[in-house]
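Structure first, then comments.
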Amino acid sequence: MKRLLGIAICAALLSACTATRAGSKRAAPLIAISAAGEHESRVGQAYIDAVIAAGGVPYIIPIQTDSASVAALVSRADGVLMIGGEDIAPAFYGEAALPQMGKVNARRDTFDLLLARLALRARKPVLAICRGIQAVNVAFGGTLWQDIPSQLPQSGICHKAPEGQAASHSIDIAPGSRLSKIYGCNSMEVNSFHHQSVKDAAPGFTVTARSADGIVEAMERFAGGDRVLAVQFHPEKAFAAGDPAGLRPFIWLVQESQK
Ligand code: MN
């Protein structure tokens, strides 16, 4: 029933978006999605469905490390979505790897850091999710907790919940932040599927949400024409599970991509 209700509300949101686009005669924006994968480039269906439901046209940027090629793809995009995945190798932020580090993918690390930098240089709006917030942070000089359970045992919060669990812990959102405006609240329950997180936020980024243990759950950058919204939780999973609020960050991305 909850799922049906979510679909009904989202259908209403979708028709509203379509009406807006028709009224302003603007084409649906092209949303470039960063690929995951080791021997192939793929994107989880939930991300694709959320972009379409929000009124965008998704396409996948395959994993690649040629900056001219990535720049050419970014230049054709109206907005960029950076998705979740493996741990980022600590060498990219100047640390030795702890034994608790998970699987890394050096080619994808290089690709994601390149994509984040080129997207900002091209002034494209960016929505970064889970690994995405970590990639953006490292790309601009920030650092990560390599493993929350072992580095912050006092946390008391399970950030790596079993797949499928809708809400895992609460976050406090900075009043007045873009995230607060998008969700219309200053605290909420979020899902949580990560064991790494932002440690030191990159210069120029503002931390806009934390869980009760102090872990960074969102940050943003809106100075000088930049438009970056980054979250540690998974709105696409929330939307796929029937929570219409999960679509809000995607609607933000699509709207920004039309400006
Ligand atoms: Mn979390």
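Identifiers in the structure tokens: chain A, B, ... in order shown; residue index from 1 per chain; ligand index from 1 in order shown.
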
Using only C-alpha atoms and all ligand atoms, which protein or nucleic acid residues are at most 10 Å from ligand 1, as a VMD selection string? chain A and resid 130 148 157 to 161 167 to 171 189 to 197 210 to 213 215 to 218 231 to 234

Output C-alpha atoms for every residue in that selection, as an mmCIF file, in the first residue's frame.
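Result file follows (result.cif):
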```cif
data_model
loop_
_atom_site.group_PDB
_atom_site.id
_atom_site.type_symbol
_atom_site.label_atom_id
_atom_site.label_comp_id
_atom_site.auth_asym_id
_atom_site.auth_seq_id
_atom_site.Cartn_x
_atom_site.Cartn_y
_atom_site.Cartn_z
ATOM 1 C CA CYS A 130 27.318 7.741 -1.183
ATOM 2 C CA ILE A 148 33.908 4.012 10.634
ATOM 3 C CA ILE A 157 25.351 3.920 15.003
ATOM 4 C CA CYS A 158 25.207 1.200 12.388
ATOM 5 C CA HIS A 159 25.958 2.996 9.122
ATOM 6 C CA LYS A 160 26.258 -0.197 7.125
ATOM 7 C CA ALA A 161 22.753 -1.530 7.376
ATOM 8 C CA ALA A 167 15.482 3.969 7.445
ATOM 9 C CA SER A 168 18.609 3.339 9.486
ATOM 10 C CA HIS A 169 19.428 6.443 11.540
ATOM 11 C CA SER A 170 18.474 10.103 11.840
ATOM 12 C CA ILE A 171 20.396 13.119 10.590
ATOM 13 C CA GLU A 189 15.508 9.424 9.043
ATOM 14 C CA VAL A 190 17.805 8.147 6.298
ATOM 15 C CA ASN A 191 18.980 4.809 4.999
ATOM 16 C CA SER A 192 22.681 4.026 5.403
ATOM 17 C CA PHE A 193 24.880 1.641 3.418
ATOM 18 C CA HIS A 194 28.436 2.841 4.007
ATOM 19 C CA HIS A 195 31.474 2.148 6.188
ATOM 20 C CA GLN A 196 33.484 5.130 4.929
ATOM 21 C CA SER A 197 32.531 8.814 5.120
ATOM 22 C CA ARG A 210 25.434 14.937 10.353
ATOM 23 C CA SER A 211 24.222 11.869 12.207
ATOM 24 C CA ALA A 212 24.240 11.934 16.029
ATOM 25 C CA ASP A 213 27.775 10.449 16.115
ATOM 26 C CA ILE A 215 29.475 11.531 10.805
ATOM 27 C CA VAL A 216 29.059 13.802 7.771
ATOM 28 C CA GLU A 217 25.875 12.803 5.951
ATOM 29 C CA ALA A 218 25.693 15.713 3.478
ATOM 30 C CA VAL A 231 24.671 13.074 0.362
ATOM 31 C CA GLN A 232 25.986 9.967 2.122
ATOM 32 C CA PHE A 233 22.567 8.277 2.166
ATOM 33 C CA HIS A 234 20.676 6.807 -0.807
#
```

Residues near segment 221-224 of chain A, anyone? I mean within 7 Å using only C-alpha atoms, not counting same-chain ones fewer than 4 positions away, as a PyMOL selection string. chain A and resi 204-206+228-229

DSSP strand (DSSP E or B) selection over segment 46-206 of chain A, as a PyMOL selection string: chain A and resi 57-61+79-82+87+104+126-129+144-145+160+169-173+187-190+193+197-198+206

So, counting only C-alpha atoms, which residue among A:Ser67, A:Ser34, A:Gln134, A:Ser187 is closest to Met219 of chain A? A:Gln134

Show which residues sit within 12 Å of Gly246 of chain A, as JSON, numbers by chain. Count only C-alpha atoms, and ignore same-chain residues fewer than 5 positions away. {"A": [6, 7, 9, 10, 46, 47, 49, 50, 51, 53, 54, 129, 166, 167, 182, 183, 188, 189, 190, 191, 231, 233, 234, 235, 236, 237, 238, 239, 240, 241, 251, 252]}

Take the residues that were just selected and, keeping N, CA, C and O atoms, output them as a short mmCIF file (atom, residue, chain, number, x, y, z; two decimals), in the first residue's frame.
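For reference, result_10.cif as written:
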```cif
data_model
loop_
_atom_site.label_atom_id
_atom_site.label_comp_id
_atom_site.auth_asym_id
_atom_site.auth_seq_id
_atom_site.Cartn_x
_atom_site.Cartn_y
_atom_site.Cartn_z
N GLY A 6 3.24 5.77 -2.88
CA GLY A 6 4.45 6.44 -3.38
C GLY A 6 4.39 6.62 -4.88
O GLY A 6 4.70 7.68 -5.40
N ILE A 7 3.96 5.57 -5.56
CA ILE A 7 3.89 5.63 -7.02
C ILE A 7 2.87 6.68 -7.45
O ILE A 7 3.11 7.47 -8.36
N ILE A 9 1.90 9.39 -5.80
CA ILE A 9 2.42 10.73 -5.54
C ILE A 9 3.47 11.08 -6.59
O ILE A 9 3.51 12.18 -7.11
N CYS A 10 4.32 10.10 -6.90
CA CYS A 10 5.38 10.35 -7.87
C CYS A 10 4.81 10.58 -9.25
O CYS A 10 5.33 11.38 -10.00
N ALA A 46 17.91 1.79 -10.03
CA ALA A 46 17.21 2.77 -9.18
C ALA A 46 17.63 4.20 -9.51
O ALA A 46 16.81 5.13 -9.46
N TYR A 47 18.91 4.40 -9.84
CA TYR A 47 19.36 5.75 -10.23
C TYR A 47 18.70 6.19 -11.53
O TYR A 47 18.26 7.34 -11.69
N ASP A 49 15.87 5.08 -12.88
CA ASP A 49 14.43 5.29 -12.68
C ASP A 49 14.17 6.64 -12.00
O ASP A 49 13.21 7.34 -12.34
N ALA A 50 15.02 7.01 -11.04
CA ALA A 50 14.81 8.26 -10.31
C ALA A 50 15.03 9.47 -11.21
O ALA A 50 14.27 10.45 -11.16
N VAL A 51 16.04 9.41 -12.07
CA VAL A 51 16.30 10.52 -13.00
C VAL A 51 15.11 10.69 -13.94
O VAL A 51 14.63 11.81 -14.16
N ALA A 53 11.98 9.65 -13.47
CA ALA A 53 10.80 10.09 -12.71
C ALA A 53 10.87 11.58 -12.38
O ALA A 53 9.86 12.25 -12.25
N ALA A 54 12.08 12.10 -12.24
CA ALA A 54 12.25 13.53 -11.93
C ALA A 54 12.18 14.40 -13.17
O ALA A 54 12.22 15.62 -13.08
N ILE A 129 26.05 10.89 -4.63
CA ILE A 129 25.42 9.99 -3.66
C ILE A 129 26.42 8.95 -3.17
O ILE A 129 27.08 8.28 -3.97
N ALA A 166 14.93 0.36 5.05
CA ALA A 166 14.52 1.68 4.56
C ALA A 166 15.20 2.81 5.34
O ALA A 166 15.97 3.58 4.80
N ALA A 167 14.91 2.89 6.64
CA ALA A 167 15.48 3.97 7.45
C ALA A 167 16.41 3.37 8.49
O ALA A 167 16.07 2.39 9.14
N ILE A 182 15.38 21.52 0.18
CA ILE A 182 14.93 20.43 -0.70
C ILE A 182 13.99 19.48 0.04
O ILE A 182 12.97 19.06 -0.48
N TYR A 183 14.36 19.14 1.28
CA TYR A 183 13.54 18.19 2.04
C TYR A 183 12.49 18.87 2.91
O TYR A 183 11.59 18.23 3.42
N MET A 188 15.72 14.24 9.76
CA MET A 188 14.94 13.16 9.13
C MET A 188 15.67 11.83 9.29
O MET A 188 16.85 11.79 9.65
N GLU A 189 14.94 10.76 9.02
CA GLU A 189 15.51 9.42 9.04
C GLU A 189 16.06 9.12 7.65
O GLU A 189 15.42 9.45 6.65
N VAL A 190 17.23 8.52 7.59
CA VAL A 190 17.81 8.15 6.30
C VAL A 190 18.25 6.69 6.31
O VAL A 190 18.48 6.11 7.38
N ASN A 191 18.36 6.12 5.13
CA ASN A 191 18.98 4.81 5.00
C ASN A 191 20.50 4.98 5.07
O ASN A 191 21.01 6.11 5.05
N VAL A 231 25.27 13.75 -0.80
CA VAL A 231 24.67 13.07 0.36
C VAL A 231 25.30 11.69 0.56
O VAL A 231 25.67 11.03 -0.41
N PHE A 233 23.66 9.27 2.21
CA PHE A 233 22.57 8.28 2.17
C PHE A 233 22.11 8.06 0.71
O PHE A 233 22.71 8.62 -0.22
N HIS A 234 21.08 7.23 0.54
CA HIS A 234 20.68 6.81 -0.81
C HIS A 234 19.23 7.20 -1.11
O HIS A 234 18.33 6.37 -0.95
N PRO A 235 19.00 8.42 -1.62
CA PRO A 235 17.62 8.79 -1.97
C PRO A 235 17.02 7.91 -3.06
O PRO A 235 15.80 7.70 -3.07
N GLU A 236 17.87 7.37 -3.96
CA GLU A 236 17.32 6.53 -5.04
C GLU A 236 16.77 5.23 -4.49
O GLU A 236 15.78 4.70 -5.00
N LYS A 237 17.41 4.71 -3.42
CA LYS A 237 16.89 3.48 -2.79
C LYS A 237 15.58 3.79 -2.05
O LYS A 237 14.66 2.98 -2.04
N ALA A 238 15.54 4.96 -1.40
CA ALA A 238 14.32 5.35 -0.69
C ALA A 238 13.16 5.48 -1.68
O ALA A 238 12.05 4.98 -1.44
N PHE A 239 13.43 6.13 -2.83
CA PHE A 239 12.38 6.29 -3.85
C PHE A 239 11.94 4.93 -4.38
O PHE A 239 10.75 4.66 -4.52
N ALA A 240 12.92 4.06 -4.65
CA ALA A 240 12.59 2.72 -5.17
C ALA A 240 11.77 1.92 -4.17
O ALA A 240 10.97 1.06 -4.54
N ALA A 241 11.96 2.22 -2.86
CA ALA A 241 11.23 1.49 -1.82
C ALA A 241 9.85 2.11 -1.55
O ALA A 241 9.14 1.66 -0.66
N ILE A 251 14.81 15.77 -8.42
CA ILE A 251 14.05 16.90 -8.97
C ILE A 251 14.91 18.17 -8.90
O ILE A 251 14.94 18.96 -9.84
N TRP A 252 15.64 18.33 -7.78
CA TRP A 252 16.56 19.47 -7.68
C TRP A 252 17.57 19.44 -8.82
O TRP A 252 17.79 20.45 -9.50
#
```

With a cut-off of 7 Å, could you pull out the residues of segment 192-248 of chain A touching segment 136-143 of chain A and give me the nearest pair of atoms for each, distance in Å to one decimal, using only C-alpha atoms, ordered by chain and ascending number, as a tab-separated table?
```
residue	atom	partner	partner_atom	distance
A:Val198	CA	A:Thr143	CA	6.2
A:Lys199	CA	A:Thr143	CA	5.3
A:Asp200	CA	A:Thr143	CA	5.1
A:Ala201	CA	A:Gly142	CA	4.9
A:Ala202	CA	A:Gly142	CA	3.8
A:Pro203	CA	A:Gly141	CA	6.9
```

Now that the selection is made, can you save its residues with N, CA and C atoms as a PDB file, in the first residue's frame?
```pdb
ATOM      1  N   VAL A 198      33.012  11.145   4.762  1.00  0.00           N
ATOM      2  CA  VAL A 198      33.848  12.346   4.747  1.00  0.00           C
ATOM      3  C   VAL A 198      34.433  12.560   6.138  1.00  0.00           C
ATOM      4  N   LYS A 199      35.760  12.789   6.211  1.00  0.00           N
ATOM      5  CA  LYS A 199      36.406  13.157   7.485  1.00  0.00           C
ATOM      6  C   LYS A 199      36.598  14.676   7.492  1.00  0.00           C
ATOM      7  N   ASP A 200      37.603  15.154   6.790  1.00  0.00           N
ATOM      8  CA  ASP A 200      37.770  16.607   6.629  1.00  0.00           C
ATOM      9  C   ASP A 200      37.124  17.009   5.311  1.00  0.00           C
ATOM     10  N   ALA A 201      36.137  17.906   5.396  1.00  0.00           N
ATOM     11  CA  ALA A 201      35.479  18.366   4.175  1.00  0.00           C
ATOM     12  C   ALA A 201      36.451  19.187   3.346  1.00  0.00           C
ATOM     13  N   ALA A 202      36.367  19.040   2.043  1.00  0.00           N
ATOM     14  CA  ALA A 202      37.247  19.775   1.131  1.00  0.00           C
ATOM     15  C   ALA A 202      37.008  21.273   1.258  1.00  0.00           C
ATOM     16  N   PRO A 203      38.052  22.082   1.071  1.00  0.00           N
ATOM     17  CA  PRO A 203      37.885  23.541   1.102  1.00  0.00           C
ATOM     18  C   PRO A 203      36.800  23.990   0.123  1.00  0.00           C
TER      19      PRO A 203
END
```

Once you count only C-alpha atoms, what closest atom pair and distance in Å to one decimal does each residue of segment 116-155 of chain A within 8 Å of segment 87-90 of chain A have, with rows by chain and rising residue number, as a tab-separated table?
```
residue	atom	partner	partner_atom	distance
A:Arg131	CA	A:Asp87	CA	7.2
A:Gln134	CA	A:Ile88	CA	7.7
A:Ala135	CA	A:Ile88	CA	7.3
A:Leu144	CA	A:Pro90	CA	7.9
A:Gln146	CA	A:Pro90	CA	7.4
```

Generate a file of the selected residues that holds N, CA and C atoms, formatted as a PDB file, in the first residue's frame.
```pdb
ATOM      1  N   ARG A 131      29.280   6.866  -2.393  1.00  0.00           N
ATOM      2  CA  ARG A 131      30.653   7.003  -2.894  1.00  0.00           C
ATOM      3  C   ARG A 131      30.820   8.351  -3.598  1.00  0.00           C
ATOM      4  N   GLN A 134      31.975  11.043  -1.370  1.00  0.00           N
ATOM      5  CA  GLN A 134      33.368  10.783  -0.997  1.00  0.00           C
ATOM      6  C   GLN A 134      34.295  11.143  -2.157  1.00  0.00           C
ATOM      7  N   ALA A 135      33.892  10.826  -3.378  1.00  0.00           N
ATOM      8  CA  ALA A 135      34.712  11.131  -4.559  1.00  0.00           C
ATOM      9  C   ALA A 135      34.841  12.639  -4.749  1.00  0.00           C
ATOM     10  N   LEU A 144      38.864  11.111   4.022  1.00  0.00           N
ATOM     11  CA  LEU A 144      37.778  10.199   4.402  1.00  0.00           C
ATOM     12  C   LEU A 144      38.134   9.403   5.649  1.00  0.00           C
ATOM     13  N   GLN A 146      38.367   5.844   6.681  1.00  0.00           N
ATOM     14  CA  GLN A 146      38.504   4.619   5.870  1.00  0.00           C
ATOM     15  C   GLN A 146      37.543   3.525   6.311  1.00  0.00           C
TER      16      GLN A 146
END
```

Between atom CA of Leu81 of chain A and atom CA of Cys185 of chain A, distance in Å (one decimal): 23.2 Å

Kindly assemble as a tab-separated table a list of the segment 107-201 of chain A residues that lie within 7 Å of segment 59-66 of chain A, each paired with its nearest atom pair and their distance in Å to one decimal, using only C-alpha atoms, sorted first by chain and then by ascending residue number.
```
residue	atom	partner	partner_atom	distance
A:Arg108	CA	A:Ile63	CA	6.1
A:Thr110	CA	A:Thr65	CA	6.3
A:Phe111	CA	A:Thr65	CA	5.2
```

What residues in segment 11-239 of chain A get the DSSP label alpha helix (DSSP H)? Please answer as a PyMOL selection string. chain A and resi 11-24+45-53+67-76+106-121+131-139+148-151+178-183+235-239

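Atom CA of Leu118 of chain A to atom CA of Gly176 of chain A spans 27.8 Å [interatomic distance, one decimal].
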